[in-house]
Structure formats: structure tokens, C-alpha cells
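Asks: coords.cif is the file, holding mmCIF, C-alpha atoms:
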```
data_my_file
#
loop_
_atom_site.label_atom_id
_atom_site.label_comp_id
_atom_site.auth_asym_id
_atom_site.auth_seq_id
_atom_site.Cartn_x
_atom_site.Cartn_y
_atom_site.Cartn_z
CA MET R 102 80.43 72.73 85.79
CA PRO R 103 83.95 71.31 85.17
CA PHE R 104 86.12 73.26 82.74
CA ALA R 105 86.53 71.61 79.32
CA ILE R 106 87.15 72.69 75.72
CA LYS R 107 84.58 70.98 73.52
CA THR R 108 84.65 70.93 69.72
CA TYR R 109 81.67 70.47 67.42
CA LEU R 110 81.42 69.71 63.68
CA LEU R 111 78.46 70.21 61.34
CA ASN R 112 78.21 69.23 57.68
CA CYS R 113 76.32 72.16 56.17
CA GLU R 114 75.79 70.75 52.68
CA THR R 115 72.15 69.76 53.21
CA LEU R 116 71.18 72.79 55.30
CA PRO R 117 68.51 75.02 53.78
CA ASP R 118 69.59 78.31 52.30
CA PRO R 119 69.24 80.68 55.28
CA LEU R 120 67.74 83.31 52.94
CA ASP R 121 64.97 80.94 51.82
CA PRO R 122 61.74 82.87 52.57
CA ASP R 123 60.05 79.63 53.67
CA ARG R 124 62.66 78.90 56.36
CA LYS R 125 61.20 79.46 59.77
CA CYS R 126 62.72 79.38 63.24
CA ARG R 127 60.23 78.53 65.94
CA ARG R 128 62.45 79.54 68.84
CA GLU R 129 63.36 82.91 70.29
CA THR R 130 66.35 84.01 68.24
CA PRO R 131 69.38 85.23 70.25
CA LEU R 132 70.83 88.62 69.43
CA PHE R 133 74.17 87.11 68.32
CA PHE R 134 72.35 84.92 65.80
CA MET R 135 70.55 87.95 64.37
CA GLN R 136 73.98 89.60 64.00
CA ARG R 137 75.10 86.48 62.13
CA MET R 138 72.08 86.69 59.82
CA GLU R 139 72.89 90.32 58.99
CA HIS R 140 76.31 89.15 57.80
CA ILE R 141 74.81 86.22 55.88
CA GLN R 142 72.47 88.52 53.97
CA LYS R 143 75.54 90.19 52.41
CA LEU R 144 76.93 86.91 51.02
CA LYS R 145 76.28 86.25 47.34
CA ASN R 146 77.23 82.56 47.31
CA ALA R 147 74.67 80.05 48.61
CA ALA R 148 77.35 77.61 49.85
CA ALA R 149 79.06 80.42 51.80
CA ARG R 150 75.72 81.39 53.33
CA LYS R 151 75.15 77.79 54.48
CA LEU R 152 78.61 77.61 56.07
CA SER R 153 78.16 80.88 57.95
CA PHE R 154 74.66 79.84 58.98
CA GLY R 155 75.92 76.43 60.12
CA ALA R 156 78.65 78.02 62.24
CA GLY R 157 75.99 80.15 63.93
CA LEU R 158 73.84 77.07 64.56
CA LEU R 159 76.79 75.29 66.16
CA LEU R 160 77.34 78.19 68.53
CA TRP R 161 73.64 78.39 69.42
CA TYR R 162 73.52 74.65 70.07
CA ALA R 163 76.79 74.48 72.05
CA LEU R 164 75.89 77.36 74.35
CA ALA R 165 73.06 75.15 75.60
CA ASP R 166 74.73 71.74 75.28
CA ALA R 167 78.23 72.54 76.56
CA CYS R 168 77.53 75.55 78.78
CA GLY R 169 74.02 74.76 80.02
CA LEU R 170 72.59 78.16 79.09
CA ALA R 171 68.80 78.39 78.84
CA ALA R 172 66.94 80.23 76.07
CA GLY R 173 66.33 83.23 78.32
CA GLN R 174 70.06 83.52 79.05
CA LEU R 175 70.91 83.39 75.33
CA ALA R 176 68.43 86.05 74.22
CA ASP R 177 70.58 89.14 74.89
CA MET R 178 74.00 87.69 74.12
CA GLU R 179 75.71 89.61 71.34
CA PHE R 180 79.05 89.57 69.56
CA SER R 181 81.85 92.00 70.25
CA TYR R 182 85.01 91.99 68.13
CA GLN R 183 88.70 92.12 68.93
CA PRO R 184 90.92 94.54 66.95
CA TYR R 185 91.74 91.92 64.29
CA GLY R 186 88.16 90.74 63.84
CA LYS R 187 87.87 87.78 66.23
CA PRO R 188 84.32 87.64 67.67
CA TYR R 189 83.73 87.10 71.38
CA PHE R 190 81.11 87.52 74.10
CA LYS R 191 81.84 90.17 76.74
CA ASN R 192 80.11 88.14 79.46
CA GLY R 193 79.98 84.70 77.89
CA PRO R 194 82.17 81.68 77.27
CA PHE R 195 85.28 81.68 75.09
CA PHE R 196 84.66 80.23 71.62
CA ASN R 197 86.07 80.13 68.11
CA LEU R 198 84.56 79.27 64.73
CA SER R 199 85.93 77.99 61.43
CA HIS R 200 84.66 76.44 58.20
CA SER R 201 86.03 74.75 55.09
CA GLY R 202 84.59 72.68 52.27
CA ALA R 203 81.09 71.73 53.43
CA CYS R 204 81.80 71.74 57.18
CA ALA R 205 81.57 74.26 60.01
CA LEU R 206 83.58 73.90 63.23
CA LEU R 207 83.22 75.35 66.72
CA SER R 208 85.39 75.09 69.83
CA ILE R 209 83.94 76.38 73.09
CA ALA R 210 85.07 76.52 76.71
CA SER R 211 82.52 75.16 79.16
CA GLY R 212 82.61 75.52 82.93
CA ASP R 213 85.00 77.72 84.92
CA ALA R 214 87.51 78.64 82.22
CA PRO R 215 90.55 80.83 83.02
CA LEU R 216 89.78 84.51 82.50
CA ASP R 217 92.63 84.93 79.99
CA LEU R 218 92.09 81.68 78.09
CA ALA R 219 93.51 81.58 74.56
CA LEU R 220 91.36 79.53 72.18
CA GLY R 221 91.42 79.04 68.42
CA CYS R 222 90.26 76.32 66.05
CA ASP R 223 90.59 75.57 62.35
CA ILE R 224 89.32 73.06 59.81
CA GLU R 225 90.74 72.45 56.33
CA LYS R 226 89.45 70.20 53.58
CA ILE R 227 92.29 67.91 52.50
CA SER R 228 93.01 68.25 48.79
CA GLY R 229 95.62 66.45 46.74
CA ARG R 230 94.92 68.47 43.61
CA HIS R 231 97.62 71.06 44.24
CA ASP R 232 101.21 70.74 45.36
CA PRO R 233 101.34 72.43 48.78
CA MET R 234 105.11 72.93 48.82
CA LYS R 235 105.13 76.48 47.40
CA THR R 236 102.74 77.54 50.15
CA ALA R 237 104.77 75.68 52.77
CA ARG R 238 108.04 77.26 51.60
CA ARG R 239 106.50 80.74 51.84
CA PHE R 240 104.65 80.48 55.16
CA PHE R 241 106.00 77.58 57.23
CA ALA R 242 108.87 77.34 59.68
CA GLY R 243 111.98 75.55 58.44
CA ALA R 244 111.33 72.36 60.45
CA GLU R 245 107.79 72.08 59.07
CA TYR R 246 108.94 72.53 55.48
CA GLU R 247 111.71 69.97 55.90
CA ALA R 248 109.27 67.47 57.43
CA LEU R 249 106.98 67.84 54.40
CA CYS R 250 109.91 67.45 51.99
CA ALA R 251 110.70 64.11 53.62
CA ILE R 252 107.24 62.71 52.74
CA GLN R 253 107.37 61.07 49.31
CA ASP R 254 103.73 60.02 48.93
CA SER R 255 101.68 62.97 47.60
CA GLY R 256 98.52 61.96 49.47
CA GLN R 257 100.31 61.67 52.80
CA ARG R 258 102.07 64.97 52.14
CA ALA R 259 98.71 66.68 51.47
CA GLU R 260 97.33 65.29 54.73
CA GLN R 261 100.34 66.43 56.74
CA PHE R 262 100.28 69.85 55.11
CA ALA R 263 96.61 70.22 56.13
CA ARG R 264 97.46 69.16 59.70
CA TYR R 265 100.22 71.77 59.90
CA TRP R 266 98.05 74.44 58.29
CA THR R 267 95.12 73.93 60.67
CA ALA R 268 97.51 73.89 63.63
CA LYS R 269 99.11 77.17 62.55
CA GLU R 270 95.76 78.83 61.81
CA SER R 271 94.41 77.75 65.20
CA VAL R 272 97.48 79.28 66.88
CA LEU R 273 97.01 82.58 65.01
CA LYS R 274 93.34 82.64 66.03
CA ALA R 275 94.16 81.78 69.65
CA THR R 276 96.52 84.75 69.87
CA GLY R 277 93.82 87.05 68.43
CA ALA R 278 96.14 88.48 65.77
CA GLY R 279 95.16 86.29 62.84
CA LEU R 280 97.35 86.59 59.76
CA ALA R 281 98.88 89.83 61.08
CA LEU R 282 101.28 87.52 62.96
CA PRO R 283 103.74 85.76 60.59
CA MET R 284 103.26 81.98 60.50
CA HIS R 285 106.95 81.12 60.41
CA PHE R 286 107.54 82.59 63.88
CA PHE R 287 106.38 79.34 65.47
CA ASP R 288 106.67 75.61 64.80
CA VAL R 289 103.89 72.99 65.09
CA THR R 290 105.82 69.83 64.23
CA ASP R 291 105.14 68.69 67.79
CA PRO R 292 101.46 67.60 67.51
CA GLU R 293 100.73 68.59 71.12
CA ARG R 294 102.54 71.87 71.75
CA VAL R 295 103.58 75.07 69.94
CA CYS R 296 107.26 75.99 69.80
CA ALA R 297 107.92 79.74 69.37
CA ASP R 298 110.98 81.22 67.65
CA ARG R 299 111.82 83.55 70.53
CA GLN R 300 114.49 85.56 68.73
CA ALA R 301 112.29 86.28 65.70
CA LEU R 302 109.24 87.06 67.84
CA GLU R 303 111.10 89.43 70.14
CA ALA R 304 112.53 91.34 67.17
CA TRP R 305 109.10 91.52 65.53
CA ARG R 306 107.52 92.61 68.81
CA ALA R 307 109.99 95.47 69.14
CA GLY R 308 108.89 96.74 65.73
CA HIS R 309 105.20 96.79 66.70
CA ALA R 310 105.47 98.50 70.09
CA ARG R 311 102.53 100.81 69.39
CA GLU R 312 100.08 98.08 68.35
CA ALA R 313 98.55 96.67 71.52
CA GLY R 314 96.78 93.75 69.82
CA LEU R 315 99.95 92.51 68.16
CA LEU R 316 101.94 92.94 71.37
CA ARG R 317 99.43 90.76 73.23
CA ALA R 318 99.63 88.13 70.47
CA ALA R 319 103.41 88.02 70.62
CA ASP R 320 103.35 87.88 74.41
CA ARG R 321 101.02 84.88 74.35
CA LEU R 322 103.56 82.96 72.29
CA LEU R 323 106.54 84.17 74.30
CA GLU R 324 105.15 83.88 77.82
CA GLN R 325 102.31 81.36 77.77
CA PRO R 326 102.50 77.72 76.66
CA LEU R 327 100.06 76.95 73.87
CA TYR R 328 98.81 73.40 73.35
CA LEU R 329 97.33 71.62 70.33
CA LYS R 330 94.65 68.98 69.86
CA HIS R 331 94.18 67.28 66.48
CA TYR R 332 90.92 65.50 65.69
CA GLU R 333 90.04 62.95 63.02
CA ALA R 334 87.32 63.89 60.51
CA GLU R 335 86.96 62.11 57.17
CA GLY R 336 88.45 64.24 54.40
CA TYR R 337 89.36 67.10 56.75
CA ALA R 338 92.11 68.18 59.12
CA VAL R 339 90.89 69.67 62.41
CA CYS R 340 93.00 71.34 65.10
CA VAL R 341 92.31 73.31 68.29
CA CYS R 342 94.85 75.50 70.08
CA SER R 343 94.55 76.70 73.66
CA GLY R 344 96.53 77.82 76.66
CA SER R 345 94.99 74.86 78.50
CA ARG R 346 95.19 71.10 77.90
CA ALA R 347 91.54 70.65 78.92
CA PHE R 348 90.57 69.36 75.46
CA ASP R 349 87.62 67.00 75.23
CA GLY R 350 88.71 63.70 73.70
CA GLU R 351 85.80 63.57 71.27
CA LEU R 352 84.98 65.61 68.17
CA ARG R 353 81.22 65.99 68.49
CA THR R 354 79.36 65.72 65.19
CA LEU R 355 76.07 67.60 65.25
CA PRO R 356 73.21 66.04 63.23
CA VAL R 357 71.78 68.36 60.57
CA PRO R 358 69.02 70.28 62.40
CA ALA R 359 65.52 69.74 61.05
CA GLY R 360 64.29 72.97 59.47
CA GLY R 361 67.59 74.69 60.14
CA GLU R 362 67.18 75.04 63.89
CA PRO R 363 69.42 73.96 66.75
CA CYS R 364 68.57 70.41 67.84
#
```
Would it be possible to restate this file's structure as C-alpha cells?
Replies:
Amino acid sequence: MPFAIKTYLLNCETLPDPLDPDRKCRRETPLFFMQRMEHIQKLKNAAARKLSFGAGLLLWYALADACGLAAGQLADMEFSYQPYGKPYFKNGPFFNLSHSGACALLSIASGDAPLDLALGCDIEKISGRHDPMKTARRFFAGAEYEALCAIQDSGQRAEQFARYWTAKESVLKATGAGLALPMHFFDVTDPERVCADRQALEAWRAGHAREAGLLRAADRLLEQPLYLKHYEAEGYAVCVCSGSRAFDGELRTLPVPAGGEPC
């Protein structure tokens, strides 16, 4: 199977509450999905439960659709977790999950992916209700903040802020460090490629010499090119970051599964 990074979107608003006692799943449930349900049972908010449930459905669906795995191959797949909480499969494809508003997002590597592939994705509901500039001033690189300052229209500024934010979050997730890695150490004004602040990263790296996960994250930015792919989704910004440019050109929208099962 040719290597490709495919991205899937699901609107979770009309999904059933996964804790509804009448919800039934007629298929053999994979181990990773049971792990997901254990997490969902701890969530107090129904909307949050639907988003987490929807993200799990996307992964279940994509493992068959993008990777060609049969039900028997899925049964024993389970999550492991990197030091900063990023889930992964020890013997399965690279993937990353995100959600915002009413939508869940998944990016997954199909085919013969590189063994050290970096992959992260993020989705953000675009909101013009709040001025994003305080957040941008605190977290963004100088070039990103200046680019936002140059946009006079508040709606366009909110859209661009969301594009930058999803790009930066996807980079943090691709490195595996999450928010432990400062956002202003890299610049995403180029919509296709990440630009690292080498001097700042090298100084920061020297101060975290005993933290292997953070060292690996810094090294990814310093030594490996990271690429970006932005997708269009009404009312949302969507971005995927990877060490490969093998992005699928299409954002695949998954129909709401009948009865809350993968299609």
C-alpha cells in the first residue's frame, strides 16, 4: 500500500451519548476502543463524551479504510502513551487525534510510513468573539504576531489566528512534547513548512539535557524538516504537521455512523 497521510473529520453533535444504556455496538470491539470508553466514562460533560467517542470512531474507521486492517487484526490493538501523553500503537500505524467545537479530527499514516515519522494534527473552531491578540503576544513568534497586527478586519484576523494556532499545536503534537515545548521557538507564517528558531531551541535544549522526551522534541525541530498541510472546513481551521509531505489532498468527512458504529 502506498504511503500517505490521510485526515478525517467527523461532526459529533448528533452522535448518541456513548454512555446511553440503549447504545449497542454489533461488532467486535477493539481493545483500544475499550480503553477509550474507560476514559469517556470519567467525563462529566455529554458534549465532551461525544467528542472523545467520535475521535475513537474515526480511528476505528480509518484503521480499516486507510490501512486496510480487518476486524481480527484490530481486536488486540491497544494504546501506549509517550512521556507527555501522546497515544500511539506499538505495532500499528502512526496517528494523531484532535477535537474542537462539535468536530473530531484524525490524521493517520497508511502504507509503508517511515519508522520515525513525526505526525500531529489540530482543529480549532474559529471564533470572532474574543480578541486573539493577547494570546498571540504571549505565545506566538514575533513574525506571527506582526502578521496578525497587519490584518485590520477582525474576522480575517480571527481566521488567521486559528490557522496559526492549529499549525503550532500540530507541530507540538508532532514532536511529542505538547505544550512542554514553548510555542514561540518556531514560526509557522510559511503555510507549508515550519521554521525553527535555532538559537532559542539550542539554548532551551541545553537546559533540559536530562529529559529525553524534550530532547527528542527539540531535535526534531533542529534536525528534521517539518511540513504543514492546511485544510478547509466550514467554521474551523485544520492543520496537519509531519516530517513527510505525503499529505492526502482531501479532508475526508465521515458521515455520522448509524447507531454510533463505524460505517
Asks: Show which residues sit within 9 Å of range 229-231 of chain R, as a VMD selection string. Count all atoms listed in the file, and ignore same-chain residues fewer than 6 positions away.
Replies: chain R and resid 255 to 256 258 to 260
Asks: The selected residues should be written to file as a CSV table (one decimal), in the coordinates of the input (atoms: C-alpha atoms).
Replies:
```csv
chain,number,residue,atom,x,y,z
R,255,SER,CA,101.7,63.0,47.6
R,256,GLY,CA,98.5,62.0,49.5
R,258,ARG,CA,102.1,65.0,52.1
R,259,ALA,CA,98.7,66.7,51.5
R,260,GLU,CA,97.3,65.3,54.7
```
Asks: Do you know which residues the PyMOL selection byres ((chain R and resi 181) around 12) returns on this file, as an MDAnalysis selection string?
Replies: chainID R and resid 132:133 136:137 178:180 182:193 195
Asks: Would you kindly return, as an NGL selection string, each protein, DNA or RNA residue with an atom no farther than 6 Å from any atom of range 303-319 of chain R, considering only C-alpha atoms and excluding same-chain residues fewer than 4 positions away?
Replies: :R and (276 or 278 or 299)
Asks: Pull out every residue that the PyMOL selection byres ((chain R and resi 159-170) around 7) matches in the shown coordinates and put them as a list in words.
Replies: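 Written out, the selection comes to Tyr109, Gly155, Ala156, Gly157, Leu158, Ala171, Ala172, Gln174, Leu175, Leu207, Ser211, Gly212, Pro363 and Cys364 of chain R.
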Asks: What is the CA of Phe241 in chain R to CA of Ser153 in chain R distance in Å?
Replies: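 According to the coordinates, CA of Phe241 in chain R and CA of Ser153 in chain R are separated by 28.0 Å.
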Asks: List the residues matched by the PyMOL selection byres ((chain R and resi 295) around 9) in the displayed structure as a PDB file with C-alpha atoms, in the coordinates of the input, ordered by chain and then by residue number.
Replies:
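File expr_21.pdb, as written:
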```pdb
ATOM      1  CA  ALA R 268      97.510  73.890  63.630  1.00  0.00           C
ATOM      2  CA  LYS R 269      99.110  77.170  62.550  1.00  0.00           C
ATOM      3  CA  VAL R 272      97.480  79.280  66.880  1.00  0.00           C
ATOM      4  CA  PHE R 287     106.380  79.340  65.470  1.00  0.00           C
ATOM      5  CA  ASP R 288     106.670  75.610  64.800  1.00  0.00           C
ATOM      6  CA  VAL R 289     103.890  72.990  65.090  1.00  0.00           C
ATOM      7  CA  THR R 290     105.820  69.830  64.230  1.00  0.00           C
ATOM      8  CA  ASP R 291     105.140  68.690  67.790  1.00  0.00           C
ATOM      9  CA  PRO R 292     101.460  67.600  67.510  1.00  0.00           C
ATOM     10  CA  GLU R 293     100.730  68.590  71.120  1.00  0.00           C
ATOM     11  CA  ARG R 294     102.540  71.870  71.750  1.00  0.00           C
ATOM     12  CA  CYS R 296     107.260  75.990  69.800  1.00  0.00           C
ATOM     13  CA  ALA R 297     107.920  79.740  69.370  1.00  0.00           C
ATOM     14  CA  LEU R 322     103.560  82.960  72.290  1.00  0.00           C
ATOM     15  CA  PRO R 326     102.500  77.720  76.660  1.00  0.00           C
ATOM     16  CA  LEU R 327     100.060  76.950  73.870  1.00  0.00           C
ATOM     17  CA  TYR R 328      98.810  73.400  73.350  1.00  0.00           C
ATOM     18  CA  LEU R 329      97.330  71.620  70.330  1.00  0.00           C
ATOM     19  CA  CYS R 342      94.850  75.500  70.080  1.00  0.00           C
TER      20      CYS R 342
END
```
Asks: Quick one: residues within 10 Å of Gly336 in chain R, all atoms listed in the file, excluding same-chain residues fewer than 5 positions away - as JSON, numbers by chain?
Replies: {"R": [202, 225, 226, 227, 228, 260]}
Asks: Just checking: using all atoms listed in the file, which residue out of R:Pro117, R:Pro122, R:Pro103, R:Pro283 ends up closest to Phe154 in chain R?
Replies: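 Counting all atoms listed in the file, the residue closest to Phe154 in chain R is R:Pro117.
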Asks: Give the answer as one residue: which of R:Lys330, R:Gly350, R:Val341, R:Ala214 has the shortest atom-to-atom distance to Glu270 in chain R, using all atoms listed in the file?
Replies: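 Nearest candidate to Glu270 in chain R out of R:Lys330, R:Gly350, R:Val341, R:Ala214: R:Val341.
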Asks: Give the padded box for range 133-143 of chain R as AutoDock Vina command-line options: axis-aligned, covering all atoms listed in the file, 6 Å on each side, centre and edge lengths in Å to one decimal.
Replies:
```
--center_x 73.4 --center_y 87.6 --center_z 60.4 --size_x 17.8 --size_y 17.4 --size_z 27.9
```
Asks: Would you mind completing range 259-270 of chain R to all heavy atoms and writing the output as a PDB file, in the coordinates of the input?
Replies:
```pdb
ATOM      1  N   ALA R 259      99.871  65.784  51.429  1.00  0.00           N
ATOM      2  CA  ALA R 259      98.710  66.680  51.470  1.00  0.00           C
ATOM      3  C   ALA R 259      98.036  66.627  52.842  1.00  0.00           C
ATOM      4  O   ALA R 259      97.619  67.659  53.388  1.00  0.00           O
ATOM      5  CB  ALA R 259      97.716  66.321  50.373  1.00  0.00           C
ATOM      6  N   GLU R 260      97.939  65.425  53.410  1.00  0.00           N
ATOM      7  CA  GLU R 260      97.330  65.290  54.730  1.00  0.00           C
ATOM      8  C   GLU R 260      98.164  65.987  55.799  1.00  0.00           C
ATOM      9  O   GLU R 260      97.617  66.691  56.661  1.00  0.00           O
ATOM     10  CB  GLU R 260      97.169  63.802  55.079  1.00  0.00           C
ATOM     11  CG  GLU R 260      96.105  63.090  54.266  1.00  0.00           C
ATOM     12  CD  GLU R 260      95.981  61.630  54.654  1.00  0.00           C
ATOM     13  OE1 GLU R 260      96.526  61.244  55.714  1.00  0.00           O
ATOM     14  OE2 GLU R 260      95.341  60.874  53.904  1.00  0.00           O
ATOM     15  N   GLN R 261      99.485  65.803  55.737  1.00  0.00           N
ATOM     16  CA  GLN R 261     100.340  66.430  56.740  1.00  0.00           C
ATOM     17  C   GLN R 261     100.358  67.940  56.593  1.00  0.00           C
ATOM     18  O   GLN R 261     100.374  68.674  57.593  1.00  0.00           O
ATOM     19  CB  GLN R 261     101.762  65.870  56.658  1.00  0.00           C
ATOM     20  CG  GLN R 261     102.674  66.315  57.794  1.00  0.00           C
ATOM     21  CD  GLN R 261     102.134  65.907  59.149  1.00  0.00           C
ATOM     22  OE1 GLN R 261     101.874  64.730  59.400  1.00  0.00           O
ATOM     23  NE2 GLN R 261     101.946  66.877  60.038  1.00  0.00           N
ATOM     24  N   PHE R 262     100.359  68.411  55.341  1.00  0.00           N
ATOM     25  CA  PHE R 262     100.280  69.850  55.110  1.00  0.00           C
ATOM     26  C   PHE R 262      99.018  70.417  55.751  1.00  0.00           C
ATOM     27  O   PHE R 262      99.064  71.462  56.423  1.00  0.00           O
ATOM     28  CB  PHE R 262     100.280  70.164  53.616  1.00  0.00           C
ATOM     29  CG  PHE R 262     100.008  71.611  53.305  1.00  0.00           C
ATOM     30  CD1 PHE R 262     101.032  72.549  53.329  1.00  0.00           C
ATOM     31  CD2 PHE R 262      98.719  72.047  52.999  1.00  0.00           C
ATOM     32  CE1 PHE R 262     100.776  73.892  53.065  1.00  0.00           C
ATOM     33  CE2 PHE R 262      98.453  73.384  52.733  1.00  0.00           C
ATOM     34  CZ  PHE R 262      99.491  74.309  52.764  1.00  0.00           C
ATOM     35  N   ALA R 263      97.877  69.746  55.568  1.00  0.00           N
ATOM     36  CA  ALA R 263      96.610  70.220  56.130  1.00  0.00           C
ATOM     37  C   ALA R 263      96.665  70.211  57.661  1.00  0.00           C
ATOM     38  O   ALA R 263      96.123  71.111  58.312  1.00  0.00           O
ATOM     39  CB  ALA R 263      95.451  69.372  55.631  1.00  0.00           C
ATOM     40  N   ARG R 264      97.326  69.207  58.246  1.00  0.00           N
ATOM     41  CA  ARG R 264      97.460  69.160  59.700  1.00  0.00           C
ATOM     42  C   ARG R 264      98.297  70.348  60.194  1.00  0.00           C
ATOM     43  O   ARG R 264      97.939  71.004  61.184  1.00  0.00           O
ATOM     44  CB  ARG R 264      98.099  67.837  60.129  1.00  0.00           C
ATOM     45  CG  ARG R 264      97.158  66.647  60.076  1.00  0.00           C
ATOM     46  CD  ARG R 264      97.898  65.349  60.378  1.00  0.00           C
ATOM     47  NE  ARG R 264      98.438  65.324  61.719  1.00  0.00           N
ATOM     48  CZ  ARG R 264      97.759  64.955  62.807  1.00  0.00           C
ATOM     49  NH1 ARG R 264      96.497  64.607  62.709  1.00  0.00           N
ATOM     50  NH2 ARG R 264      98.329  64.945  64.006  1.00  0.00           N
ATOM     51  N   TYR R 265      99.402  70.621  59.517  1.00  0.00           N
ATOM     52  CA  TYR R 265     100.220  71.770  59.900  1.00  0.00           C
ATOM     53  C   TYR R 265      99.447  73.080  59.715  1.00  0.00           C
ATOM     54  O   TYR R 265      99.504  73.983  60.563  1.00  0.00           O
ATOM     55  CB  TYR R 265     101.501  71.822  59.070  1.00  0.00           C
ATOM     56  CG  TYR R 265     102.566  70.826  59.452  1.00  0.00           C
ATOM     57  CD1 TYR R 265     103.601  70.513  58.570  1.00  0.00           C
ATOM     58  CD2 TYR R 265     102.577  70.192  60.690  1.00  0.00           C
ATOM     59  CE1 TYR R 265     104.603  69.607  58.905  1.00  0.00           C
ATOM     60  CE2 TYR R 265     103.565  69.286  61.035  1.00  0.00           C
ATOM     61  CZ  TYR R 265     104.580  68.998  60.128  1.00  0.00           C
ATOM     62  OH  TYR R 265     105.564  68.104  60.463  1.00  0.00           O
ATOM     63  N   TRP R 266      98.759  73.196  58.589  1.00  0.00           N
ATOM     64  CA  TRP R 266      98.050  74.440  58.290  1.00  0.00           C
ATOM     65  C   TRP R 266      96.979  74.724  59.330  1.00  0.00           C
ATOM     66  O   TRP R 266      96.866  75.857  59.828  1.00  0.00           O
ATOM     67  CB  TRP R 266      97.432  74.377  56.892  1.00  0.00           C
ATOM     68  CG  TRP R 266      96.806  75.686  56.502  1.00  0.00           C
ATOM     69  CD1 TRP R 266      95.506  76.073  56.666  1.00  0.00           C
ATOM     70  CD2 TRP R 266      97.477  76.808  55.915  1.00  0.00           C
ATOM     71  NE1 TRP R 266      95.310  77.355  56.218  1.00  0.00           N
ATOM     72  CE2 TRP R 266      96.514  77.826  55.746  1.00  0.00           C
ATOM     73  CE3 TRP R 266      98.790  77.036  55.504  1.00  0.00           C
ATOM     74  CZ2 TRP R 266      96.824  79.059  55.191  1.00  0.00           C
ATOM     75  CZ3 TRP R 266      99.105  78.276  54.950  1.00  0.00           C
ATOM     76  CH2 TRP R 266      98.135  79.271  54.795  1.00  0.00           C
ATOM     77  N   THR R 267      96.173  73.715  59.672  1.00  0.00           N
ATOM     78  CA  THR R 267      95.120  73.930  60.670  1.00  0.00           C
ATOM     79  C   THR R 267      95.730  74.241  62.037  1.00  0.00           C
ATOM     80  O   THR R 267      95.189  75.062  62.786  1.00  0.00           O
ATOM     81  CB  THR R 267      94.184  72.728  60.772  1.00  0.00           C
ATOM     82  OG1 THR R 267      94.946  71.528  60.999  1.00  0.00           O
ATOM     83  CG2 THR R 267      93.363  72.562  59.508  1.00  0.00           C
ATOM     84  N   ALA R 268      96.849  73.596  62.356  1.00  0.00           N
ATOM     85  CA  ALA R 268      97.510  73.890  63.630  1.00  0.00           C
ATOM     86  C   ALA R 268      97.978  75.349  63.664  1.00  0.00           C
ATOM     87  O   ALA R 268      97.760  76.070  64.650  1.00  0.00           O
ATOM     88  CB  ALA R 268      98.695  72.954  63.851  1.00  0.00           C
ATOM     89  N   LYS R 269      98.585  75.796  62.578  1.00  0.00           N
ATOM     90  CA  LYS R 269      99.110  77.170  62.550  1.00  0.00           C
ATOM     91  C   LYS R 269      97.972  78.191  62.553  1.00  0.00           C
ATOM     92  O   LYS R 269      98.043  79.221  63.239  1.00  0.00           O
ATOM     93  CB  LYS R 269     100.018  77.339  61.327  1.00  0.00           C
ATOM     94  CG  LYS R 269     101.283  76.487  61.431  1.00  0.00           C
ATOM     95  CD  LYS R 269     102.203  76.656  60.245  1.00  0.00           C
ATOM     96  CE  LYS R 269     103.163  77.815  60.421  1.00  0.00           C
ATOM     97  NZ  LYS R 269     104.123  77.634  61.525  1.00  0.00           N
ATOM     98  N   GLU R 270      96.914  77.927  61.812  1.00  0.00           N
ATOM     99  CA  GLU R 270      95.760  78.830  61.810  1.00  0.00           C
ATOM    100  C   GLU R 270      95.122  78.893  63.206  1.00  0.00           C
ATOM    101  O   GLU R 270      94.729  79.968  63.671  1.00  0.00           O
ATOM    102  CB  GLU R 270      94.725  78.366  60.787  1.00  0.00           C
ATOM    103  CG  GLU R 270      95.086  78.685  59.344  1.00  0.00           C
ATOM    104  CD  GLU R 270      94.660  80.084  58.937  1.00  0.00           C
ATOM    105  OE1 GLU R 270      94.249  80.870  59.811  1.00  0.00           O
ATOM    106  OE2 GLU R 270      94.746  80.398  57.742  1.00  0.00           O
TER     107      GLU R 270
END
```
